[in-house]
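**Student:** One file: target_29.cif (mmCIF, C-alpha atoms and all ligand atoms).
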data_data
loop_
_atom_site.label_atom_id
_atom_site.label_comp_id
_atom_site.auth_asym_id
_atom_site.auth_seq_id
_atom_site.Cartn_x
_atom_site.Cartn_y
_atom_site.Cartn_z
CA MET W 1 -7.00 2.64 -18.16
CA LEU W 2 -5.72 -0.78 -17.23
CA ILE W 3 -5.54 -1.81 -13.57
CA LEU W 4 -3.38 -4.78 -12.61
CA GLY W 5 -3.82 -6.54 -9.27
CA ALA W 6 -7.59 -6.13 -9.35
CA GLY W 7 -8.11 -8.52 -6.42
CA GLY W 8 -5.87 -6.71 -3.92
CA GLN W 9 -6.72 -4.10 -1.32
CA VAL W 10 -5.70 -1.13 -3.47
CA GLY W 11 -6.88 -2.75 -6.72
CA ARG W 12 -10.37 -3.21 -5.32
CA ALA W 13 -10.47 0.26 -3.83
CA LEU W 14 -9.48 1.74 -7.20
CA GLN W 15 -12.34 -0.04 -8.93
CA ALA W 16 -14.83 1.11 -6.28
CA GLU W 17 -13.61 4.72 -6.57
CA LEU W 18 -13.73 4.68 -10.38
CA ALA W 19 -17.28 3.38 -10.21
CA ARG W 20 -18.24 5.95 -7.56
CA ARG W 21 -16.86 8.77 -9.72
CA GLN W 22 -18.59 7.27 -12.77
CA ILE W 23 -15.33 7.32 -14.74
CA PRO W 24 -15.71 5.14 -17.85
CA GLY W 25 -13.10 3.34 -19.93
CA TRP W 26 -11.17 1.16 -17.54
CA GLN W 27 -10.47 -2.52 -17.16
CA ALA W 28 -9.18 -4.30 -14.08
CA LEU W 29 -7.39 -7.64 -14.31
CA THR W 30 -6.82 -10.13 -11.51
CA ARG W 31 -3.76 -12.30 -11.12
CA ALA W 32 -5.58 -15.08 -13.05
CA GLU W 33 -6.14 -12.69 -15.95
CA ALA W 34 -2.71 -10.99 -15.94
CA ASP W 35 0.11 -12.75 -14.15
CA LEU W 36 3.05 -10.47 -13.44
CA ALA W 37 5.28 -13.51 -13.06
CA ASP W 38 4.65 -14.35 -16.73
CA PRO W 39 6.39 -11.61 -18.71
CA GLU W 40 5.48 -12.79 -22.19
CA SER W 41 1.76 -12.97 -21.53
CA LEU W 42 1.88 -9.65 -19.66
CA ARG W 43 3.49 -8.03 -22.70
CA THR W 44 0.89 -9.56 -25.00
CA ILE W 45 -1.96 -8.30 -22.80
CA ILE W 46 -0.64 -4.74 -22.80
CA ARG W 47 0.09 -4.64 -26.50
CA ALA W 48 -3.38 -5.98 -27.27
CA ARG W 49 -5.16 -3.45 -25.05
CA GLN W 50 -2.96 -0.41 -25.64
CA PRO W 51 -3.95 1.43 -22.45
CA GLN W 52 -3.25 5.16 -22.00
CA VAL W 53 -2.84 4.65 -18.27
CA ILE W 54 -1.55 1.54 -16.48
CA ILE W 55 -2.08 1.34 -12.74
CA ASN W 56 -0.03 -1.44 -11.24
CA ALA W 57 -1.69 -2.38 -7.96
CA ALA W 58 -0.31 -5.94 -8.16
CA ALA W 59 2.62 -6.95 -6.02
CA TYR W 60 4.14 -9.85 -4.18
CA THR W 61 3.27 -8.58 -0.68
CA GLN W 62 4.07 -11.58 1.54
CA VAL W 63 6.95 -9.95 3.30
CA ASP W 64 8.14 -12.95 5.31
CA ARG W 65 7.66 -15.54 2.59
CA ALA W 66 9.70 -13.36 0.21
CA GLU W 67 12.80 -14.21 2.26
CA THR W 68 12.66 -17.71 0.76
CA GLU W 69 10.66 -17.07 -2.46
CA VAL W 70 13.24 -14.61 -3.68
CA ALA W 71 12.94 -15.30 -7.41
CA LEU W 72 9.16 -14.91 -7.43
CA ALA W 73 9.26 -11.72 -5.34
CA MET W 74 11.84 -10.27 -7.72
CA ALA W 75 9.87 -11.35 -10.81
CA VAL W 76 6.66 -9.70 -9.62
CA ASN W 77 8.03 -6.65 -7.80
CA ALA W 78 11.11 -5.79 -9.85
CA GLU W 79 11.08 -7.44 -13.28
CA ALA W 80 7.39 -6.96 -14.08
CA PRO W 81 7.46 -3.22 -13.27
CA ALA W 82 10.46 -2.89 -15.56
CA LEU W 83 8.45 -4.53 -18.35
CA LEU W 84 5.44 -2.32 -17.59
CA ALA W 85 7.62 0.78 -17.74
CA GLU W 86 9.08 -0.27 -21.09
CA GLU W 87 5.65 -1.01 -22.57
CA ALA W 88 4.08 2.16 -21.14
CA ALA W 89 6.90 4.27 -22.59
CA ALA W 90 6.47 2.63 -26.00
CA LEU W 91 2.74 3.39 -25.92
CA GLY W 92 3.22 6.94 -24.61
CA ALA W 93 1.13 5.85 -21.63
CA VAL W 94 1.23 6.87 -17.97
CA LEU W 95 2.41 4.28 -15.45
CA VAL W 96 1.18 4.45 -11.86
CA HIS W 97 3.12 2.16 -9.55
CA TYR W 98 3.02 1.67 -5.78
CA SER W 99 5.91 1.11 -3.45
CA THR W 100 6.58 0.89 0.22
CA ASP W 101 8.18 2.33 3.36
CA TYR W 102 10.16 -0.97 3.48
CA VAL W 103 12.65 0.51 1.00
CA PHE W 104 14.07 2.36 4.05
CA ASP W 105 16.01 0.86 6.94
CA GLY W 106 13.99 2.80 9.50
CA THR W 107 16.77 4.44 11.45
CA GLY W 108 16.00 7.75 13.16
CA THR W 109 12.61 9.20 13.98
CA ALA W 110 12.08 11.85 11.31
CA PRO W 111 9.60 11.11 8.52
CA TYR W 112 11.36 10.02 5.33
CA ALA W 113 11.32 12.38 2.35
CA GLU W 114 11.49 11.25 -1.28
CA THR W 115 15.07 12.50 -1.42
CA ASP W 116 16.27 10.32 1.49
CA ALA W 117 18.57 7.41 0.75
CA THR W 118 16.96 3.98 0.51
CA CYS W 119 18.38 0.94 2.26
CA PRO W 120 15.96 -1.99 2.31
CA LEU W 121 16.33 -4.55 5.10
CA SER W 122 14.41 -7.43 3.53
CA VAL W 123 14.02 -9.27 0.24
CA TYR W 124 10.57 -7.71 -0.15
CA GLY W 125 12.02 -4.24 0.41
CA ARG W 126 14.82 -4.92 -2.05
CA SER W 127 12.44 -6.25 -4.68
CA LYS W 128 10.19 -3.19 -4.34
CA HIS W 129 13.20 -0.90 -4.52
CA GLU W 130 14.38 -2.53 -7.73
CA GLY W 131 10.88 -2.04 -9.12
CA GLU W 132 11.04 1.66 -8.23
CA VAL W 133 14.36 2.11 -9.99
CA ALA W 134 13.04 0.35 -13.10
CA VAL W 135 9.87 2.45 -13.24
CA MET W 136 11.78 5.71 -12.84
CA ALA W 137 14.32 4.72 -15.49
CA GLY W 138 11.90 3.17 -17.97
CA CYS W 139 8.94 5.54 -18.24
CA ARG W 140 9.11 9.30 -17.82
CA ARG W 141 5.37 9.72 -17.39
CA HIS W 142 5.24 7.80 -14.14
CA LEU W 143 3.66 8.32 -10.74
CA LEU W 144 5.49 6.26 -8.18
CA LEU W 145 3.56 6.32 -4.93
CA ARG W 146 5.19 4.98 -1.78
CA THR W 147 2.74 4.10 0.94
CA SER W 148 2.68 2.30 4.30
CA TRP W 149 0.63 -0.02 6.54
CA VAL W 150 -2.26 -0.45 4.09
CA LEU W 151 -5.70 -1.44 5.31
CA GLY W 152 -8.60 -1.88 2.95
CA ARG W 153 -12.19 -2.98 2.93
CA HIS W 154 -11.10 -6.22 1.28
CA GLY W 155 -8.21 -8.50 2.07
CA HIS W 156 -5.99 -9.30 5.00
CA ASN W 157 -4.76 -6.51 7.19
CA PHE W 158 -3.85 -5.65 10.77
CA LEU W 159 -7.30 -4.23 11.63
CA ARG W 160 -9.02 -7.46 10.72
CA THR W 161 -6.40 -9.57 12.49
CA MET W 162 -6.77 -7.50 15.67
CA LEU W 163 -10.58 -7.75 15.64
CA ARG W 164 -10.31 -11.52 15.40
CA LEU W 165 -7.69 -11.83 18.12
CA MET W 166 -9.46 -9.44 20.48
CA ALA W 167 -12.59 -11.57 20.21
CA GLU W 168 -10.60 -14.70 21.11
CA ARG W 169 -7.86 -13.74 23.58
CA PRO W 170 -7.89 -11.96 26.95
CA GLN W 171 -4.44 -10.51 26.36
CA LEU W 172 -2.36 -9.50 23.34
CA ARG W 173 1.30 -8.59 22.92
CA VAL W 174 1.82 -6.02 20.17
CA VAL W 175 4.99 -4.40 18.87
CA ALA W 176 5.34 -0.86 20.20
CA ASP W 177 8.64 0.26 18.68
CA GLN W 178 7.76 0.36 14.97
CA TRP W 179 6.18 3.62 13.89
CA GLY W 180 4.17 4.46 10.80
CA ALA W 181 0.83 5.61 9.48
CA PRO W 182 -1.95 3.11 8.79
CA THR W 183 -3.22 4.19 5.38
CA SER W 184 -6.51 3.10 3.90
CA ALA W 185 -6.67 1.61 0.42
CA GLU W 186 -9.58 3.96 -0.17
CA LEU W 187 -7.36 7.00 0.54
CA ILE W 188 -4.68 5.61 -1.77
CA ALA W 189 -7.26 5.04 -4.53
CA SER W 190 -8.91 8.44 -4.28
CA THR W 191 -5.56 10.25 -4.10
CA THR W 192 -4.29 8.31 -7.11
CA LEU W 193 -7.30 9.38 -9.16
CA ASP W 194 -7.03 13.00 -7.95
CA VAL W 195 -3.40 13.15 -9.01
CA LEU W 196 -4.09 11.43 -12.33
CA ALA W 197 -6.83 13.96 -13.07
CA GLN W 198 -4.33 16.79 -12.57
CA MET W 199 -1.70 15.09 -14.72
CA ASP W 200 -4.08 14.13 -17.54
CA GLY W 201 -2.47 14.98 -20.88
CA GLN W 202 0.68 16.45 -19.35
CA PRO W 203 3.88 15.97 -21.37
CA ALA W 204 6.77 13.73 -20.39
CA ASP W 205 8.93 16.69 -19.37
CA ASP W 206 6.42 17.97 -16.79
CA PRO W 207 8.42 18.01 -13.54
CA ARG W 208 5.45 16.75 -11.57
CA TRP W 209 5.85 13.20 -12.84
CA GLY W 210 7.86 11.24 -10.31
CA LEU W 211 8.07 9.84 -6.83
CA TYR W 212 5.71 10.79 -4.00
CA HIS W 213 5.07 9.61 -0.48
CA LEU W 214 1.38 8.89 0.07
CA ALA W 215 0.29 8.06 3.61
CA ALA W 216 -2.33 9.23 6.07
CA ALA W 217 -1.37 12.07 8.43
CA GLY W 218 0.06 11.41 11.89
CA SER W 219 1.77 8.28 13.08
CA THR W 220 1.47 5.55 15.64
CA SER W 221 2.99 2.22 16.60
CA TRP W 222 1.35 -1.16 15.95
CA HIS W 223 0.52 -1.09 19.65
CA GLY W 224 -1.15 2.32 19.33
CA TYR W 225 -3.01 1.10 16.25
CA ALA W 226 -4.26 -1.94 18.19
CA GLY W 227 -5.46 0.39 20.96
CA GLU W 228 -7.45 2.40 18.41
CA VAL W 229 -9.05 -0.80 17.09
CA TRP W 230 -9.93 -1.86 20.66
CA ARG W 231 -11.59 1.52 21.39
CA LEU W 232 -13.65 1.33 18.20
CA ALA W 233 -14.70 -2.25 18.97
CA ALA W 234 -15.53 -1.46 22.60
CA ALA W 235 -17.57 1.62 21.59
CA ARG W 236 -19.58 -0.61 19.24
CA GLY W 237 -20.24 -3.05 22.07
CA LEU W 238 -18.59 -5.95 20.26
CA PRO W 239 -18.17 -9.08 22.42
CA LEU W 240 -14.44 -9.01 23.25
CA ALA W 241 -12.36 -11.52 25.18
CA LEU W 242 -9.87 -8.70 25.68
CA ALA W 243 -11.64 -6.76 28.43
CA ALA W 244 -9.48 -3.64 28.79
CA GLU W 245 -7.19 -1.67 26.49
CA ALA W 246 -4.43 -2.16 29.09
CA ASP W 247 -4.51 -5.88 28.23
CA ILE W 248 -2.79 -4.99 24.98
CA LEU W 249 0.79 -5.27 26.15
CA PRO W 250 3.55 -3.31 24.41
CA ILE W 251 6.49 -5.43 23.30
CA ALA W 252 9.73 -4.79 21.41
CA THR W 253 10.38 -5.94 17.85
CA GLU W 254 12.99 -8.34 19.24
CA ASP W 255 10.25 -10.07 21.29
CA TYR W 256 8.28 -10.94 18.16
CA PRO W 257 10.86 -12.38 15.76
CA LEU W 258 9.82 -12.70 12.12
CA PRO W 259 11.79 -13.95 9.12
CA ALA W 260 11.98 -10.51 7.46
CA PRO W 261 13.34 -7.54 9.41
CA ARG W 262 11.05 -4.48 9.48
CA PRO W 263 12.09 -0.83 9.65
CA LYS W 264 11.36 0.71 13.05
CA ASN W 265 10.68 4.09 11.51
CA SER W 266 8.17 3.84 8.66
CA ARG W 267 7.03 7.45 8.82
CA LEU W 268 6.70 9.05 5.37
CA ASP W 269 6.86 12.80 4.80
CA THR W 270 3.99 13.59 2.41
CA GLY W 271 4.83 17.28 1.94
CA ARG W 272 5.77 16.91 -1.72
CA LEU W 273 2.46 15.26 -2.64
CA ARG W 274 0.41 17.76 -0.66
CA SER W 275 2.13 20.87 -1.98
CA THR W 276 2.43 19.74 -5.62
CA PHE W 277 -1.20 18.73 -5.99
CA GLY W 278 -2.87 20.82 -3.25
CA LEU W 279 -4.15 17.73 -1.46
CA ALA W 280 -5.08 17.32 2.19
CA LEU W 281 -4.47 13.90 3.72
CA PRO W 282 -6.66 12.90 6.68
CA ASP W 283 -5.35 11.49 9.96
CA TRP W 284 -4.71 7.75 10.03
CA GLN W 285 -7.48 7.34 12.61
CA GLN W 286 -10.07 8.38 10.04
CA GLY W 287 -9.07 5.62 7.62
CA VAL W 288 -9.11 3.04 10.41
CA ARG W 289 -12.53 4.23 11.51
CA ASP W 290 -13.90 4.18 7.96
CA VAL W 291 -12.72 0.62 7.29
CA PHE W 292 -13.97 -0.47 10.73
CA ASP W 293 -17.40 1.09 10.13
CA TRP W 294 -17.60 -0.53 6.71
CA GLU W 295 -16.72 -3.90 8.23
CA MET W 296 -19.44 -3.50 10.87
CA ASP W 297 -22.10 -2.31 8.43
CA LYS W 298 -21.36 -5.32 6.22
CA GLN W 299 -22.27 -7.75 8.98
P1 LIG W 301 -2.50 -6.96 -1.68
O1 LIG W 301 -1.61 -8.04 -1.20
O2 LIG W 301 -3.81 -6.72 -1.03
O3 LIG W 301 -2.76 -7.10 -3.23
C1 LIG W 301 -1.74 -7.45 -4.12
C2 LIG W 301 -2.41 -8.02 -5.34
O4 LIG W 301 -1.36 -8.41 -6.23
C3 LIG W 301 -3.27 -9.25 -5.05
O5 LIG W 301 -4.51 -9.11 -5.68
C4 LIG W 301 -2.46 -10.38 -5.64
O6 LIG W 301 -3.25 -11.39 -6.21
C5 LIG W 301 -1.75 -9.65 -6.74
N1 LIG W 301 -0.61 -10.43 -7.20
C6 LIG W 301 0.31 -11.11 -6.49
N2 LIG W 301 1.15 -11.76 -7.30
C7 LIG W 301 0.73 -11.49 -8.56
C8 LIG W 301 1.16 -11.88 -9.84
N3 LIG W 301 2.18 -12.72 -10.01
N4 LIG W 301 0.50 -11.41 -10.92
C9 LIG W 301 -0.56 -10.59 -10.77
N5 LIG W 301 -1.02 -10.19 -9.59
C10 LIG W 301 -0.38 -10.63 -8.49
O7 LIG W 301 -1.61 -5.61 -1.65
P2 LIG W 301 -2.04 -4.11 -1.40
O8 LIG W 301 -3.24 -3.79 -2.22
O9 LIG W 301 -2.06 -3.86 0.04
O10 LIG W 301 -0.75 -3.39 -1.99
C11 LIG W 301 -0.81 -2.49 -3.10
C12 LIG W 301 0.57 -1.89 -3.31
O11 LIG W 301 0.96 -1.18 -2.13
C13 LIG W 301 1.69 -2.88 -3.57
O12 LIG W 301 2.58 -2.33 -4.50
C14 LIG W 301 2.39 -3.03 -2.23
O13 LIG W 301 3.74 -3.39 -2.38
C15 LIG W 301 2.24 -1.62 -1.70
N6 LIG W 301 2.29 -1.52 -0.25
C16 LIG W 301 1.47 -2.30 0.52
C17 LIG W 301 1.52 -2.22 1.91
C18 LIG W 301 0.64 -3.06 2.78
O14 LIG W 301 0.68 -2.88 4.01
N7 LIG W 301 -0.18 -3.96 2.23
C19 LIG W 301 2.43 -1.28 2.57
C20 LIG W 301 3.22 -0.47 1.66
C21 LIG W 301 3.12 -0.60 0.31
P3 LIG W 301 -4.15 -12.40 -5.34
O15 LIG W 301 -5.38 -11.59 -5.02
O16 LIG W 301 -4.40 -13.52 -6.26
O17 LIG W 301 -3.33 -12.74 -4.14
#
With the file now loaded, output its structure as structure tokens.
Ligand code: NDP
**Tutor:**
Amino acid sequence: MLILGAGGQVGRALQAELARRQIPGWQALTRAEADLADPESLRTIIRARQPQVIINAAAYTQVDRAETEVALAMAVNAEAPALLAEEAAALGAVLVHYSTDYVFDGTGTAPYAETDATCPLSVYGRSKHEGEVAVMAGCRRHLLLRTSWVLGRHGHNFLRTMLRLMAERPQLRVVADQWGAPTSAELIASTTLDVLAQMDGQPADDPRWGLYHLAAAGSTSWHGYAGEVWRLAAARGLPLALAAEADILPIATEDYPLPAPRPKNSRLDTGRLRSTFGLALPDWQQGVRDVFDWEMDKQ
């Protein structure tokens, strides 16, 4: 098993989960060891290692910067997955690839199913969508897992940003009209390995290969998510400049302009994943609590 993007939130969680399950026979490569923007060296790495499973946890994830770094976002998120799919198919390997709620435009309030039409609003969303199409077309034995609002034990995420800001500022303004499910990298990693275990050795014509939505249960806004972080921090007795939850003020997307537009509805319907593989997905609050507790225990 070859993991790409070893330094990211999901890449690190995958390694921790593989180690916890004592699964042997995997290698994880960082960007310095396998650069998805360098197709020739990526091809050489894969041909030399001949993995049976490739998990691509690497991505260009800087949503706003992608608006101006279009070529790099496309190289990493669209062209590299196409290459991975081609190489995986040639090896008879499985390709696991992650994608995002940002492939949707976020209209309506119903959770998106895998069968719903995509319509990305941003360069990042477009690049991820092109990667999806390439993976589905290039390698039949693929698991394409769309997730949302990732928070992990390592790396930058909203939970960590909120903890920092709540320690510094007496008041915060947080977007309250974008809805989704914060999903922990640890949940993504453990679900990936559960699904892979069920698909081990399955032929290319098994109908269970394909696209799945993978997110924690329930949904909230960024404002609701910030409130949850505040309650966890207050219950721990952390020294906070932000004295009351009511000091987290709800604002509209339009009041917090960013270069890349975001979908207002990022809810993902996970029914297909749950029914196909018999998996239960915990509420988003559990993942937030787990990452928060880990952060506290680390200190
Ligand atoms: P991170 O940003 O935490 O990790 C991405 C990793 O990709 C980093 O380790 C980064 O390297 C690496 N990377 C970037 N460019 C390259 C490159 N050219 N070659 C090799 N590696 C590269 O992302 P997540 O773990 O959160 O995301 C995992 C997957 O989930 C991605 O496919 C992402 O699109 C998707 N996703 C993420 C969401 C989120 O909220 N984060 C939401 C929805 C989907 P380095 O460590 O050097 O920066």
**Student:** Could you list, as a ChimeraX atom specification, all protein and nucleic acid residues with an atom at most 9 Å from ligand LIG 301 (chain W), counting only C-alpha atoms and all ligand atoms?
**Tutor:** /W:4-13,29-38,56-62,72-73,75-77,80,97-102,124-125,128,145-152,154-158,182-183,185,188
**Student:** Any chance you could export the current selection's C-alpha atoms as a PDB file, in the frame of the given file?
**Tutor:**
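Dumped everything to part-v4.pdb:
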ATOM      1  CA  LEU W   4      -3.380  -4.780 -12.610  1.00  0.00           C
ATOM      2  CA  GLY W   5      -3.820  -6.540  -9.270  1.00  0.00           C
ATOM      3  CA  ALA W   6      -7.590  -6.130  -9.350  1.00  0.00           C
ATOM      4  CA  GLY W   7      -8.110  -8.520  -6.420  1.00  0.00           C
ATOM      5  CA  GLY W   8      -5.870  -6.710  -3.920  1.00  0.00           C
ATOM      6  CA  GLN W   9      -6.720  -4.100  -1.320  1.00  0.00           C
ATOM      7  CA  VAL W  10      -5.700  -1.130  -3.470  1.00  0.00           C
ATOM      8  CA  GLY W  11      -6.880  -2.750  -6.720  1.00  0.00           C
ATOM      9  CA  ARG W  12     -10.370  -3.210  -5.320  1.00  0.00           C
ATOM     10  CA  ALA W  13     -10.470   0.260  -3.830  1.00  0.00           C
ATOM     11  CA  LEU W  29      -7.390  -7.640 -14.310  1.00  0.00           C
ATOM     12  CA  THR W  30      -6.820 -10.130 -11.510  1.00  0.00           C
ATOM     13  CA  ARG W  31      -3.760 -12.300 -11.120  1.00  0.00           C
ATOM     14  CA  ALA W  32      -5.580 -15.080 -13.050  1.00  0.00           C
ATOM     15  CA  GLU W  33      -6.140 -12.690 -15.950  1.00  0.00           C
ATOM     16  CA  ALA W  34      -2.710 -10.990 -15.940  1.00  0.00           C
ATOM     17  CA  ASP W  35       0.110 -12.750 -14.150  1.00  0.00           C
ATOM     18  CA  LEU W  36       3.050 -10.470 -13.440  1.00  0.00           C
ATOM     19  CA  ALA W  37       5.280 -13.510 -13.060  1.00  0.00           C
ATOM     20  CA  ASP W  38       4.650 -14.350 -16.730  1.00  0.00           C
ATOM     21  CA  ASN W  56      -0.030  -1.440 -11.240  1.00  0.00           C
ATOM     22  CA  ALA W  57      -1.690  -2.380  -7.960  1.00  0.00           C
ATOM     23  CA  ALA W  58      -0.310  -5.940  -8.160  1.00  0.00           C
ATOM     24  CA  ALA W  59       2.620  -6.950  -6.020  1.00  0.00           C
ATOM     25  CA  TYR W  60       4.140  -9.850  -4.180  1.00  0.00           C
ATOM     26  CA  THR W  61       3.270  -8.580  -0.680  1.00  0.00           C
ATOM     27  CA  GLN W  62       4.070 -11.580   1.540  1.00  0.00           C
ATOM     28  CA  LEU W  72       9.160 -14.910  -7.430  1.00  0.00           C
ATOM     29  CA  ALA W  73       9.260 -11.720  -5.340  1.00  0.00           C
ATOM     30  CA  ALA W  75       9.870 -11.350 -10.810  1.00  0.00           C
ATOM     31  CA  VAL W  76       6.660  -9.700  -9.620  1.00  0.00           C
ATOM     32  CA  ASN W  77       8.030  -6.650  -7.800  1.00  0.00           C
ATOM     33  CA  ALA W  80       7.390  -6.960 -14.080  1.00  0.00           C
ATOM     34  CA  HIS W  97       3.120   2.160  -9.550  1.00  0.00           C
ATOM     35  CA  TYR W  98       3.020   1.670  -5.780  1.00  0.00           C
ATOM     36  CA  SER W  99       5.910   1.110  -3.450  1.00  0.00           C
ATOM     37  CA  THR W 100       6.580   0.890   0.220  1.00  0.00           C
ATOM     38  CA  ASP W 101       8.180   2.330   3.360  1.00  0.00           C
ATOM     39  CA  TYR W 102      10.160  -0.970   3.480  1.00  0.00           C
ATOM     40  CA  TYR W 124      10.570  -7.710  -0.150  1.00  0.00           C
ATOM     41  CA  GLY W 125      12.020  -4.240   0.410  1.00  0.00           C
ATOM     42  CA  LYS W 128      10.190  -3.190  -4.340  1.00  0.00           C
ATOM     43  CA  LEU W 145       3.560   6.320  -4.930  1.00  0.00           C
ATOM     44  CA  ARG W 146       5.190   4.980  -1.780  1.00  0.00           C
ATOM     45  CA  THR W 147       2.740   4.100   0.940  1.00  0.00           C
ATOM     46  CA  SER W 148       2.680   2.300   4.300  1.00  0.00           C
ATOM     47  CA  TRP W 149       0.630  -0.020   6.540  1.00  0.00           C
ATOM     48  CA  VAL W 150      -2.260  -0.450   4.090  1.00  0.00           C
ATOM     49  CA  LEU W 151      -5.700  -1.440   5.310  1.00  0.00           C
ATOM     50  CA  GLY W 152      -8.600  -1.880   2.950  1.00  0.00           C
ATOM     51  CA  HIS W 154     -11.100  -6.220   1.280  1.00  0.00           C
ATOM     52  CA  GLY W 155      -8.210  -8.500   2.070  1.00  0.00           C
ATOM     53  CA  HIS W 156      -5.990  -9.300   5.000  1.00  0.00           C
ATOM     54  CA  ASN W 157      -4.760  -6.510   7.190  1.00  0.00           C
ATOM     55  CA  PHE W 158      -3.850  -5.650  10.770  1.00  0.00           C
ATOM     56  CA  PRO W 182      -1.950   3.110   8.790  1.00  0.00           C
ATOM     57  CA  THR W 183      -3.220   4.190   5.380  1.00  0.00           C
ATOM     58  CA  ALA W 185      -6.670   1.610   0.420  1.00  0.00           C
ATOM     59  CA  ILE W 188      -4.680   5.610  -1.770  1.00  0.00           C
TER      60      ILE W 188
END
**Student:** What does the distance between atom CA of Arg160 of chain W and atom CA of Ala176 of chain W come to in Å, to one decimal place?
**Tutor:**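 It comes out at 18.4 Å.
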**Student:** Atom CA of Ser221 of chain W to atom CA of Ala181 of chain W: how many Å, to one decimal?
**Tutor:**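 Between these atoms lies a distance of 8.2 Å.
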**Student:** Could you list, as a ChimeraX atom specification, every residue within 10 Å of segment 45-48 of chain W, counting all atoms listed in the file and ignoring same-chain residues fewer than 4 positions away?
**Tutor:** /W:2,33-35,39-41,54,84,87-88,90-91
**Student:** Using only C-alpha atoms, can you tell me which of W:Met199, W:Ala134, W:Ala243, W:Gln27 comes closest to Gln15 of chain W?
**Tutor:**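 Closest candidate: W:Gln27.
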**Student:** Pick from W:Glu114, W:Asp194, W:Glu228, W:Asp64: nearest to Phe292 of chain W, with all atoms listed in the file counted?
**Tutor:** W:Glu228
**Student:** I'd like the neighbourhood of Ala260 of chain W as a list in words, where a residue qualifies if any of its atoms comes within 9 Å (using only C-alpha atoms), though same-chain residues fewer than 6 positions away should be ignored.
**Tutor:**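 Near Ala260 of chain W, the qualifying residues are Val63, Asp64, Arg65, Ala66, Glu67, Leu121, Ser122, Val123 and Tyr124 of chain W.
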**Student:** Quick one: pull the distance between atom CA of Ala189 of chain W and atom CA of Glu17 of chain W, Å, one decimal.
**Tutor:**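 Pair atom CA of Ala189 of chain W / atom CA of Glu17 of chain W returns 6.7 Å.
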**Student:** Closest to Ile55 of chain W among W:Arg153, W:His213, W:His142, W:Arg126, using all atoms listed in the file?
**Tutor:**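 For Ile55 of chain W, the nearest of the candidates is W:His142.
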**Student:** Let me make sure I understand: among W:Ala280, W:Leu268, W:Cys139, W:Val53, which one has the smallest atom-to-atom distance to Val103 of chain W if we use only C-alpha atoms?
**Tutor:** W:Leu268
**Student:** With only C-alpha atoms as the basis for distance, which of W:Gln171, W:Gln52, W:Thr161, W:Gln202 is at the shortest distance from Ala93 of chain W?
**Tutor:**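 The shortest atom-to-atom distance to Ala93 of chain W comes from W:Gln52.
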**Student:** Counting only C-alpha atoms, which residue out of W:Val174, W:Val94, W:Ala216, W:Leu42 sits closest to Ala252 of chain W?
**Tutor:**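 The answer is W:Val174, which sits nearest to Ala252 of chain W.
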**Student:** Let me know the centre plus edge lengths, in Å and rounded to one decimal, of a box with edges along x, y and z that contains all listed atoms of segment 160-168 of chain W and is padded by 3 Å on every side, as JSON.
**Tutor:**
{"center_x": -9.5, "center_y": -11.1, "center_z": 15.9, "size_x": 12.2, "size_y": 13.2, "size_z": 16.4}
